[in-house]
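To keep things clear, I will list the structure first and then write my remarks on it.
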Amino acid sequence: MNYFPDEVLEHVFDFITSHKDRNSVSLVCKSWYKIERYSRQRVFIGNCYSISPERLIARFPGLKSLTLKGKPHFADFNLVPHDWGGFVYPWIEALAKSRIGLEELRLKRMVVSDESLELLSKSFVNFKSLVLVSCEGFTTDGLAAIAANCRFLRELDLQENEVDDHRGHWLSCFPESCTSLISLNFACLRGEVNLGALERLVSRSPNLKSLRLNRAVPLDTLQKLLMRAPQLVDLGIGSYVHDPFSEAYNKLKIAIQRCKSIRSLSGFLEVAPHCMSAIYPICGNLTFLNLSYAPGLHGNKLMKLIQHCRKLQRLWILDCIGDKGLGVVALTCKELQELRVFPSDPFEAGNAAVTEEGLVLVSAGCPKLNSLLYFCQQMTNAALITVAKNCPNFIRFRLCILDPIKPDPVTNQPLDEGFGAIVQSCKGLKRLSLSGLLTDQVFLYIGMYAEQLEMLSIAFAADSDKGMLYVLNGCKKLRKLEIRDCPFGDAALLEDVGKYETMRSLWMSSCEVTLGGCKAVAEKMPSLNVEIIDESEQMEFNLDDKQKVDKMYLYRTLVGHRKDAPEYVWIL
Amino acid sequence: MENSVAYEKATELRLGLPGIDEPAVLSSVKNNKRPLHDEKSGENGKSAENETAPPSKAQIVGWPPVQSYRKNNFQQAKKSESECGGIYVKVSMDGAPYLRKIDLKVYKGYPELLQVLENMFKFTIGDYSEREGYKGSDYEPTYEDKDGDWMLVGDVPWEMFIRSCKRLRIMKGSEARGLSCSGV
């Protein structure tokens with residue numbers, strides 16, 4: 001029942017921006033659904049196979065901004081074959097044919113071809129923003145099309161994509177008339193760029209706030225760019241190698257000092273550590289520092305740099321910082337909310353330089369810490385219990401002990417109690433990744449205490465089906481569950497198949513589920529797509545229901561089986 | 001007569017290179033639930049005493065869970081950087097009272113390096129040719145390589161040079177000429 005005219009409701013809905021809230025609003029009644037759908041501009045689709053572009057377009061004719069995610073998370077770690085799916089072309093094609101005035105497209109883990117980029121660039125007059133995260137399938141030719149055709153482009157943000165760099169002059173394809181750029185990030189490109197074109201582009205972009213360069217941009221160009229864009233808020237440095245006694249370095253110092261607005265700093269893809277003092281003047285204002293691609297920066301030079309960063313809220317670094325370096329972080333960065341420590345040598349577990357000590361120091365020194373990604377050599381229950389006490393505000397807690405089933409080295413016990421303390425203390429925990437030696441017990445704790453948990457990642461853990469059952473029964477808000485190398489079988493999988501409809505997806509690889517079990521899920525739940533990924537072609541020759549399934553990925557969907565699956569994917 | 005066991009082992013299908021006793025790459029350790037090295041024994045791998053290098057642990061697919069983009073990036077970085085940070089080497093000049101130090105990483109190639117040396121010590125280097133070394137001046141840039149030998153600067157590719165150079169010495173006079181003769 002509406003007591004207000006539609007326009008008033010629409011105006012009220014304008015203030016409701018979160019996707020969850022807007023979704024809730026649309027469920028209240030038919031007229032609210034109608035008003036909401038006509039006024040909706042931003043849509044987030046967490047799994048591109050859960051809905052079709054046609055239905056999206058039909059429901060939200062006013063769509064301006066679309067976010068799409070494709071492959072499952074474990075694709076990041078090479079567990080999903082390259083051509084599994086997640087193609088964006090059909091979406092762009094459908095949107096192009098419609099009357100949708102798309103302005104923003106954000107994609108994660110999708111396959112993006114040059115054809116799709118070209119079609120995108122030519123189909124939407126007001127297109128403003130393209131953000132590609134962990135995508136693949138395109139080359140710099142596709143980027144050239146975007147540069148050339150999107151006349152009002154404000155944002156081109158490429159994060160950690162595998163791009164085939166044709167070393168073409170894509171940067172030169174931005175026309176002289178393009179002066180609207182606010183954000184340009186091409187740090188992930190491996191090839192040369194036309195430095196002159198880059199300088200001219202930056203010169204004619206007075207609104208440029210974010211600039212992240214790739215390795216091919218040398219220091220003297222950086223200096224020129226900074227002179228032209230002192231208003232930058234976010235800077236990603238490409239190459240930072242030079243002679244501290246040179247003229248170029250002096251000029252750089254002056255240029256950096258003019259950039260009083262920089263709050264976020266990243267890159268240093270090539271670095272000469274003895275030249276970091278030029279950066280000190282801006283360190284005091286930094287809220288985000290990402291040195292996770294700069295293995296050349298460690299030891300005293302790194303610590304000295306961090307000592308200047310008193311306002312840091314987010315820090316991404318490599319484990320060569322060491323426990324001692326984390327101690328410096330704990331003393332200096334009192335505003336720290338997010339810490340990510342990546343392994344500097346992902347292939348050599350023995351050389352990892354951080355342990356439980358570093359984490360305990362940070363938890364003690366940084367009470368606002370709420371988000372953690374920590375790759376370490378070892379962890380103890382005592383440390384985790386201390387961390388849980390020091391930082392009860394964790395929203396994201398992802399711990400990766402490089403040796404996948406390592407117990408507490410002091411007590412030789414599994415890490416059940418430690419993680420149990422984390423979930424019990426951190427009542428707002430939404431995302432958790434476990435590692436180390438773990439039994440069913442830790443899952444009992446998770447089921448009991450992790451009431452807000454939305455995403456759980458498990459590897460090489462548990463003793464029996466009970467582990468998985470504790471989680472499925474206990475975590476009412478669970479949306480994504482990804483499991484590898486655990487002894488969970490059909491009994492756990494089939495206990496409550498209705499649960500999967502309340503979740504976005506479930507991934508299980510190298511577990512004990514069988515073909516028969518997966519078939520049973522598919523039969524009982526037509527609203528789920530149950531995919532078996534079998535590259536070894538065993539399934540073709542042996543359709544025995546008792547056979548163990550190597551990789552299973554199931555997700556809820558409104559549009560049934562997808563038509564673009566490759567040969568080795570069986571949709572039951 | 002070949003030992004049948006040895007013959008079997010040699011023809012056994014596995015993922016490693018023939019002749020190497022390395023553990024094969026695994027896709028899972030689910031049945032075993034232990035990593036390939038025996039932690040309890042305290043050793044880091046099988047038959048450690050037979051190998052000169054530290055024994056390699058088997059690589060589990062997708063572990064550690066580092067994004068493949070990041071992993072690829074590090075492999076590339078490893079290739080292009082011989083060491084983390086700069087490669088500082090001492091530079092001595094015959095007759096000069098003290099030595100200097102330079103960072104080889106900063107320079108893109110031989111011409112730049114030679115220019116810097118010329119500026120630093122105020123002298124001129126002759127023209128380089130593979131046949132005759134540096135002609136036209138009394139000075140020859142040389143370096144000590146990892147084997148302890150004194151080599152003429154410029155003979156090997158730049159990347160190889162910066163990886164193997166331990167120190168530089170600018171030789172003067174007859175000693176220099178002896179080095180550049182294409183005989184010994």
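Within each chain, counting starts at residue 1; across the structure tokens, chains are named A, B, ... in the order shown, with ligands numbered 1 upward in that order.
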
**Q.** Interface, chain A side, toward chain B (8 Å; only C-alpha atoms) as a count of residues only
**A.** 32

Excluding range 188-197 of chain A and any residue of its chain fewer than 5 positions from it, enumerate the residues within 10 Å of it, using only C-alpha atoms, and give them as a PDB file with N, CA and C atoms, in the first residue's frame.
ATOM      1  N   SER A 134      41.658  -9.367 -12.711  1.00  0.00           N
ATOM      2  CA  SER A 134      41.961 -10.792 -12.913  1.00  0.00           C
ATOM      3  C   SER A 134      41.252 -11.369 -14.124  1.00  0.00           C
ATOM      4  N   THR A 139      44.019  -8.210 -25.632  1.00  0.00           N
ATOM      5  CA  THR A 139      45.347  -7.685 -25.925  1.00  0.00           C
ATOM      6  C   THR A 139      45.289  -6.166 -25.870  1.00  0.00           C
ATOM      7  N   THR A 140      46.407  -5.550 -26.113  1.00  0.00           N
ATOM      8  CA  THR A 140      46.441  -4.081 -26.111  1.00  0.00           C
ATOM      9  C   THR A 140      45.625  -3.522 -27.284  1.00  0.00           C
ATOM     10  N   ASP A 157      40.783   0.960 -15.593  1.00  0.00           N
ATOM     11  CA  ASP A 157      41.475   0.399 -14.434  1.00  0.00           C
ATOM     12  C   ASP A 157      41.706  -1.082 -14.669  1.00  0.00           C
ATOM     13  N   LEU A 158      42.981  -1.435 -14.894  1.00  0.00           N
ATOM     14  CA  LEU A 158      43.331  -2.825 -15.183  1.00  0.00           C
ATOM     15  C   LEU A 158      44.113  -3.374 -14.003  1.00  0.00           C
ATOM     16  N   GLN A 159      43.511  -4.335 -13.297  1.00  0.00           N
ATOM     17  CA  GLN A 159      44.182  -4.868 -12.111  1.00  0.00           C
ATOM     18  C   GLN A 159      44.513  -6.339 -12.301  1.00  0.00           C
ATOM     19  N   GLU A 160      45.775  -6.627 -12.318  1.00  0.00           N
ATOM     20  CA  GLU A 160      46.233  -8.016 -12.295  1.00  0.00           C
ATOM     21  C   GLU A 160      45.618  -8.886 -13.380  1.00  0.00           C
ATOM     22  N   ASN A 161      45.551  -8.342 -14.600  1.00  0.00           N
ATOM     23  CA  ASN A 161      45.063  -9.118 -15.726  1.00  0.00           C
ATOM     24  C   ASN A 161      46.224  -9.695 -16.505  1.00  0.00           C
ATOM     25  N   GLU A 162      45.960 -10.823 -17.173  1.00  0.00           N
ATOM     26  CA  GLU A 162      46.959 -11.366 -18.079  1.00  0.00           C
ATOM     27  C   GLU A 162      46.648 -10.810 -19.462  1.00  0.00           C
ATOM     28  N   VAL A 163      47.428  -9.823 -19.868  1.00  0.00           N
ATOM     29  CA  VAL A 163      47.150  -9.148 -21.136  1.00  0.00           C
ATOM     30  C   VAL A 163      48.241  -9.477 -22.129  1.00  0.00           C
ATOM     31  N   ASP A 164      47.822  -9.819 -23.311  1.00  0.00           N
ATOM     32  CA  ASP A 164      48.776 -10.067 -24.368  1.00  0.00           C
ATOM     33  C   ASP A 164      49.209  -8.703 -24.900  1.00  0.00           C
ATOM     34  N   ASP A 165      50.435  -8.367 -24.592  1.00  0.00           N
ATOM     35  CA  ASP A 165      50.860  -7.017 -24.924  1.00  0.00           C
ATOM     36  C   ASP A 165      51.485  -6.979 -26.314  1.00  0.00           C
ATOM     37  N   HIS A 166      50.776  -6.351 -27.238  1.00  0.00           N
ATOM     38  CA  HIS A 166      51.289  -6.261 -28.605  1.00  0.00           C
ATOM     39  C   HIS A 166      52.196  -5.047 -28.786  1.00  0.00           C
ATOM     40  N   ARG A 167      52.500  -4.405 -27.663  1.00  0.00           N
ATOM     41  CA  ARG A 167      53.339  -3.219 -27.723  1.00  0.00           C
ATOM     42  C   ARG A 167      52.828  -2.213 -28.748  1.00  0.00           C
ATOM     43  N   GLY A 168      51.531  -2.224 -28.960  1.00  0.00           N
ATOM     44  CA  GLY A 168      50.966  -1.259 -29.902  1.00  0.00           C
ATOM     45  C   GLY A 168      50.849   0.092 -29.245  1.00  0.00           C
ATOM     46  N   HIS A 169      50.415   1.041 -29.995  1.00  0.00           N
ATOM     47  CA  HIS A 169      50.360   2.384 -29.442  1.00  0.00           C
ATOM     48  C   HIS A 169      48.981   2.683 -28.890  1.00  0.00           C
ATOM     49  N   TRP A 170      48.519   1.832 -28.001  1.00  0.00           N
ATOM     50  CA  TRP A 170      47.153   2.014 -27.513  1.00  0.00           C
ATOM     51  C   TRP A 170      46.996   3.341 -26.785  1.00  0.00           C
ATOM     52  N   LEU A 171      48.063   3.759 -26.104  1.00  0.00           N
ATOM     53  CA  LEU A 171      47.981   5.033 -25.386  1.00  0.00           C
ATOM     54  C   LEU A 171      47.820   6.212 -26.356  1.00  0.00           C
ATOM     55  N   SER A 172      48.426   6.055 -27.514  1.00  0.00           N
ATOM     56  CA  SER A 172      48.308   7.129 -28.508  1.00  0.00           C
ATOM     57  C   SER A 172      46.912   7.200 -29.100  1.00  0.00           C
ATOM     58  N   CYS A 173      46.115   6.164 -28.836  1.00  0.00           N
ATOM     59  CA  CYS A 173      44.769   6.142 -29.422  1.00  0.00           C
ATOM     60  C   CYS A 173      43.782   7.024 -28.677  1.00  0.00           C
ATOM     61  N   PHE A 174      44.150   7.489 -27.517  1.00  0.00           N
ATOM     62  CA  PHE A 174      43.289   8.470 -26.850  1.00  0.00           C
ATOM     63  C   PHE A 174      43.327   9.746 -27.685  1.00  0.00           C
ATOM     64  N   VAL A 202      48.412  12.785 -19.853  1.00  0.00           N
ATOM     65  CA  VAL A 202      48.332  13.275 -18.474  1.00  0.00           C
ATOM     66  C   VAL A 202      48.221  14.798 -18.456  1.00  0.00           C
ATOM     67  N   SER A 203      48.940  15.433 -19.355  1.00  0.00           N
ATOM     68  CA  SER A 203      48.885  16.905 -19.416  1.00  0.00           C
ATOM     69  C   SER A 203      47.495  17.421 -19.697  1.00  0.00           C
ATOM     70  N   ARG A 212      48.370   4.663 -12.300  1.00  0.00           N
ATOM     71  CA  ARG A 212      49.251   3.541 -11.939  1.00  0.00           C
ATOM     72  C   ARG A 212      49.973   3.087 -13.187  1.00  0.00           C
ATOM     73  N   LEU A 213      51.292   3.210 -13.117  1.00  0.00           N
ATOM     74  CA  LEU A 213      52.135   2.976 -14.294  1.00  0.00           C
ATOM     75  C   LEU A 213      52.687   1.560 -14.297  1.00  0.00           C
ATOM     76  N   ASN A 214      53.142   1.117 -15.465  1.00  0.00           N
ATOM     77  CA  ASN A 214      53.752  -0.210 -15.528  1.00  0.00           C
ATOM     78  C   ASN A 214      55.269  -0.097 -15.487  1.00  0.00           C
ATOM     79  N   ARG A 215      55.863  -1.238 -15.488  1.00  0.00           N
ATOM     80  CA  ARG A 215      57.311  -1.338 -15.364  1.00  0.00           C
ATOM     81  C   ARG A 215      58.087  -0.560 -16.415  1.00  0.00           C
ATOM     82  N   ALA A 216      57.451  -0.357 -17.559  1.00  0.00           N
ATOM     83  CA  ALA A 216      58.170   0.259 -18.678  1.00  0.00           C
ATOM     84  C   ALA A 216      58.265   1.776 -18.570  1.00  0.00           C
ATOM     85  N   VAL A 217      57.664   2.344 -17.534  1.00  0.00           N
ATOM     86  CA  VAL A 217      57.735   3.798 -17.402  1.00  0.00           C
ATOM     87  C   VAL A 217      58.907   4.147 -16.488  1.00  0.00           C
ATOM     88  N   PRO A 218      59.943   4.772 -17.049  1.00  0.00           N
ATOM     89  CA  PRO A 218      61.139   5.022 -16.262  1.00  0.00           C
ATOM     90  C   PRO A 218      60.989   6.247 -15.362  1.00  0.00           C
ATOM     91  N   THR A 221      60.401   9.868 -16.775  1.00  0.00           N
ATOM     92  CA  THR A 221      59.024  10.101 -17.219  1.00  0.00           C
ATOM     93  C   THR A 221      58.120  10.305 -16.008  1.00  0.00           C
ATOM     94  N   LEU A 222      58.340   9.511 -14.981  1.00  0.00           N
ATOM     95  CA  LEU A 222      57.539   9.660 -13.759  1.00  0.00           C
ATOM     96  C   LEU A 222      57.628  11.088 -13.246  1.00  0.00           C
ATOM     97  N   LEU A 225      55.554  13.345 -15.345  1.00  0.00           N
ATOM     98  CA  LEU A 225      54.127  13.132 -15.117  1.00  0.00           C
ATOM     99  C   LEU A 225      53.687  13.788 -13.814  1.00  0.00           C
ATOM    100  N   GLY A 238      56.075   2.801 -11.631  1.00  0.00           N
ATOM    101  CA  GLY A 238      56.534   1.673 -12.433  1.00  0.00           C
ATOM    102  C   GLY A 238      57.955   1.319 -12.046  1.00  0.00           C
ATOM    103  N   GLY A 267      53.120  -0.107  -6.510  1.00  0.00           N
ATOM    104  CA  GLY A 267      54.029  -0.337  -7.630  1.00  0.00           C
ATOM    105  C   GLY A 267      55.436  -0.632  -7.163  1.00  0.00           C
ATOM    106  N   LEU A 269      57.717  -1.534  -9.182  1.00  0.00           N
ATOM    107  CA  LEU A 269      57.881  -2.820  -9.831  1.00  0.00           C
ATOM    108  C   LEU A 269      59.346  -3.143 -10.056  1.00  0.00           C
TER     109      LEU A 269
ATOM    110  N   TYR B  69      48.619 -14.654 -11.389  1.00  0.00           N
ATOM    111  CA  TYR B  69      49.204 -13.422 -11.916  1.00  0.00           C
ATOM    112  C   TYR B  69      50.416 -13.029 -11.080  1.00  0.00           C
ATOM    113  N   ASN B  73      54.363 -13.034 -12.155  1.00  0.00           N
ATOM    114  CA  ASN B  73      55.108 -11.792 -11.999  1.00  0.00           C
ATOM    115  C   ASN B  73      56.437 -12.027 -11.313  1.00  0.00           C
ATOM    116  N   GLN B  76      58.948 -13.694 -13.533  1.00  0.00           N
ATOM    117  CA  GLN B  76      59.522 -12.722 -14.456  1.00  0.00           C
ATOM    118  C   GLN B  76      60.541 -11.850 -13.742  1.00  0.00           C
TER     119      GLN B  76
END

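Separating CA of Leu478 in chain A from CA of Val131 in chain A is a distance of 27.3 Å.
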
Q | Selection near Leu68 in chain A, 12 Å with only C-alpha atoms, sequence-local residues under 5 positions removed, as number ranges by chain | A | A: 42-53, 56, 86-89, 91-92, 104-112, 130-133, 135

Q: Please identify all polymer residues within 12 Å of Ile16 in chain A, counting only C-alpha atoms, omitting same-chain residues fewer than 4 positions from it, and present them as a VMD selection string.
A: chain A and resid 9 to 12 20 to 26 36 39 to 42

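Counting only C-alpha atoms, the residue from B:Tyr110, B:Cys165, B:Pro141, B:Arg100 that sits nearest to Thr124 in chain B is B:Pro141.
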
(Q) What parts of range 165-201 of chain A does DSSP call helix (DSSP H, G or I)? I'd like the answer as a count of residues only. (A) 11

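You will find CA of Leu372 in chain A at 19.9 Å from CA of Met303 in chain A.
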
Q) If you count only C-alpha atoms, which residues fall within 10 Å of Met151 in chain B, apart from same-chain ones fewer than 2 positions away, as a ChimeraX atom specification? A) /B:141-145,148-149,153-156,165,168-169,179-180

Write out the residues from the selection above, keeping C-alpha atoms, as a JSON list (two decimals), in the first residue's frame.
[["chain", "number", "residue", "atom", "x", "y", "z"],
["B", 141, "PRO", "CA", 88.24, -1.69, -18.47],
["B", 142, "THR", "CA", 88.46, -5.14, -16.94],
["B", 143, "TYR", "CA", 86.48, -7.08, -14.38],
["B", 144, "GLU", "CA", 86.89, -10.01, -12.06],
["B", 145, "ASP", "CA", 84.27, -12.66, -12.67],
["B", 148, "GLY", "CA", 88.21, -15.16, -10.08],
["B", 149, "ASP", "CA", 89.45, -14.54, -13.60],
["B", 153, "VAL", "CA", 84.66, -5.68, -20.27],
["B", 154, "GLY", "CA", 82.41, -6.00, -23.29],
["B", 155, "ASP", "CA", 82.89, -9.55, -24.48],
["B", 156, "VAL", "CA", 79.76, -11.12, -23.03],
["B", 165, "CYS", "CA", 80.96, -9.20, -12.38],
["B", 168, "LEU", "CA", 85.96, -3.63, -11.93],
["B", 169, "ARG", "CA", 89.48, -2.50, -12.59],
["B", 179, "LEU", "CA", 95.03, -8.59, -21.88],
["B", 180, "SER", "CA", 93.57, -7.32, -25.09]]

Q.
What parts of range 420-478 of chain A does DSSP call strand (DSSP E)? I'd like the answer as a PyMOL selection string.
A. chain A and resi 431-433+455-459

So that I have them on file, write out the residues from the current selection with all heavy atoms, as a PDB file, in the first residue's frame.
ATOM      1  N   ARG A 431      34.517 -13.436   6.388  1.00  0.00           N
ATOM      2  CA  ARG A 431      35.304 -14.272   5.486  1.00  0.00           C
ATOM      3  C   ARG A 431      36.433 -14.936   6.258  1.00  0.00           C
ATOM      4  O   ARG A 431      37.141 -14.291   7.042  1.00  0.00           O
ATOM      5  CB  ARG A 431      35.871 -13.425   4.353  1.00  0.00           C
ATOM      6  CG  ARG A 431      36.632 -14.276   3.352  1.00  0.00           C
ATOM      7  CD  ARG A 431      36.991 -13.562   2.096  1.00  0.00           C
ATOM      8  NE  ARG A 431      37.733 -14.467   1.217  1.00  0.00           N
ATOM      9  CZ  ARG A 431      38.251 -14.140   0.064  1.00  0.00           C
ATOM     10  NH1 ARG A 431      38.106 -12.909  -0.390  1.00  0.00           N
ATOM     11  NH2 ARG A 431      38.918 -15.020  -0.659  1.00  0.00           N
ATOM     12  N   LEU A 432      36.607 -16.248   6.040  1.00  0.00           N
ATOM     13  CA  LEU A 432      37.616 -17.001   6.770  1.00  0.00           C
ATOM     14  C   LEU A 432      38.302 -17.995   5.849  1.00  0.00           C
ATOM     15  O   LEU A 432      37.641 -18.697   5.093  1.00  0.00           O
ATOM     16  CB  LEU A 432      36.950 -17.747   7.940  1.00  0.00           C
ATOM     17  CG  LEU A 432      37.846 -18.636   8.815  1.00  0.00           C
ATOM     18  CD1 LEU A 432      38.892 -17.811   9.547  1.00  0.00           C
ATOM     19  CD2 LEU A 432      37.008 -19.423   9.812  1.00  0.00           C
ATOM     20  N   SER A 433      39.643 -18.016   5.897  1.00  0.00           N
ATOM     21  CA  SER A 433      40.402 -19.043   5.187  1.00  0.00           C
ATOM     22  C   SER A 433      41.288 -19.745   6.198  1.00  0.00           C
ATOM     23  O   SER A 433      42.013 -19.089   6.950  1.00  0.00           O
ATOM     24  CB  SER A 433      41.293 -18.437   4.097  1.00  0.00           C
ATOM     25  OG  SER A 433      40.536 -17.761   3.143  1.00  0.00           O
ATOM     26  N   MET A 455      31.829 -16.374   3.616  1.00  0.00           N
ATOM     27  CA  MET A 455      32.716 -17.113   2.713  1.00  0.00           C
ATOM     28  C   MET A 455      33.755 -17.893   3.504  1.00  0.00           C
ATOM     29  O   MET A 455      34.414 -17.340   4.388  1.00  0.00           O
ATOM     30  CB  MET A 455      33.414 -16.145   1.757  1.00  0.00           C
ATOM     31  CG  MET A 455      34.324 -16.852   0.758  1.00  0.00           C
ATOM     32  SD  MET A 455      34.877 -15.707  -0.513  1.00  0.00           S
ATOM     33  CE  MET A 455      35.957 -16.762  -1.466  1.00  0.00           C
ATOM     34  N   LEU A 456      33.881 -19.185   3.188  1.00  0.00           N
ATOM     35  CA  LEU A 456      34.809 -20.048   3.909  1.00  0.00           C
ATOM     36  C   LEU A 456      35.654 -20.841   2.920  1.00  0.00           C
ATOM     37  O   LEU A 456      35.120 -21.448   1.984  1.00  0.00           O
ATOM     38  CB  LEU A 456      34.031 -21.012   4.808  1.00  0.00           C
ATOM     39  CG  LEU A 456      34.851 -22.006   5.638  1.00  0.00           C
ATOM     40  CD1 LEU A 456      35.773 -21.289   6.610  1.00  0.00           C
ATOM     41  CD2 LEU A 456      33.935 -22.964   6.385  1.00  0.00           C
ATOM     42  N   SER A 457      36.979 -20.826   3.119  1.00  0.00           N
ATOM     43  CA  SER A 457      37.898 -21.555   2.239  1.00  0.00           C
ATOM     44  C   SER A 457      38.651 -22.576   3.062  1.00  0.00           C
ATOM     45  O   SER A 457      39.282 -22.213   4.057  1.00  0.00           O
ATOM     46  CB  SER A 457      38.902 -20.605   1.586  1.00  0.00           C
ATOM     47  OG  SER A 457      38.238 -19.515   1.005  1.00  0.00           O
ATOM     48  N   ILE A 458      38.577 -23.833   2.631  1.00  0.00           N
ATOM     49  CA  ILE A 458      39.162 -24.935   3.401  1.00  0.00           C
ATOM     50  C   ILE A 458      40.080 -25.752   2.506  1.00  0.00           C
ATOM     51  O   ILE A 458      39.724 -26.061   1.364  1.00  0.00           O
ATOM     52  CB  ILE A 458      38.063 -25.873   3.917  1.00  0.00           C
ATOM     53  CG1 ILE A 458      36.930 -25.083   4.574  1.00  0.00           C
ATOM     54  CG2 ILE A 458      38.637 -26.883   4.886  1.00  0.00           C
ATOM     55  CD1 ILE A 458      35.731 -25.941   4.896  1.00  0.00           C
ATOM     56  N   ALA A 459      41.230 -26.132   3.038  1.00  0.00           N
ATOM     57  CA  ALA A 459      42.148 -26.967   2.261  1.00  0.00           C
ATOM     58  C   ALA A 459      42.857 -27.938   3.182  1.00  0.00           C
ATOM     59  O   ALA A 459      43.342 -27.541   4.242  1.00  0.00           O
ATOM     60  CB  ALA A 459      43.171 -26.088   1.542  1.00  0.00           C
TER      61      ALA A 459
END

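Using only C-alpha atoms, the smallest distance between any of B:Pro157, B:Ser137, B:Ile162, B:Gly109 and Phe123 in chain B comes from B:Ser137.
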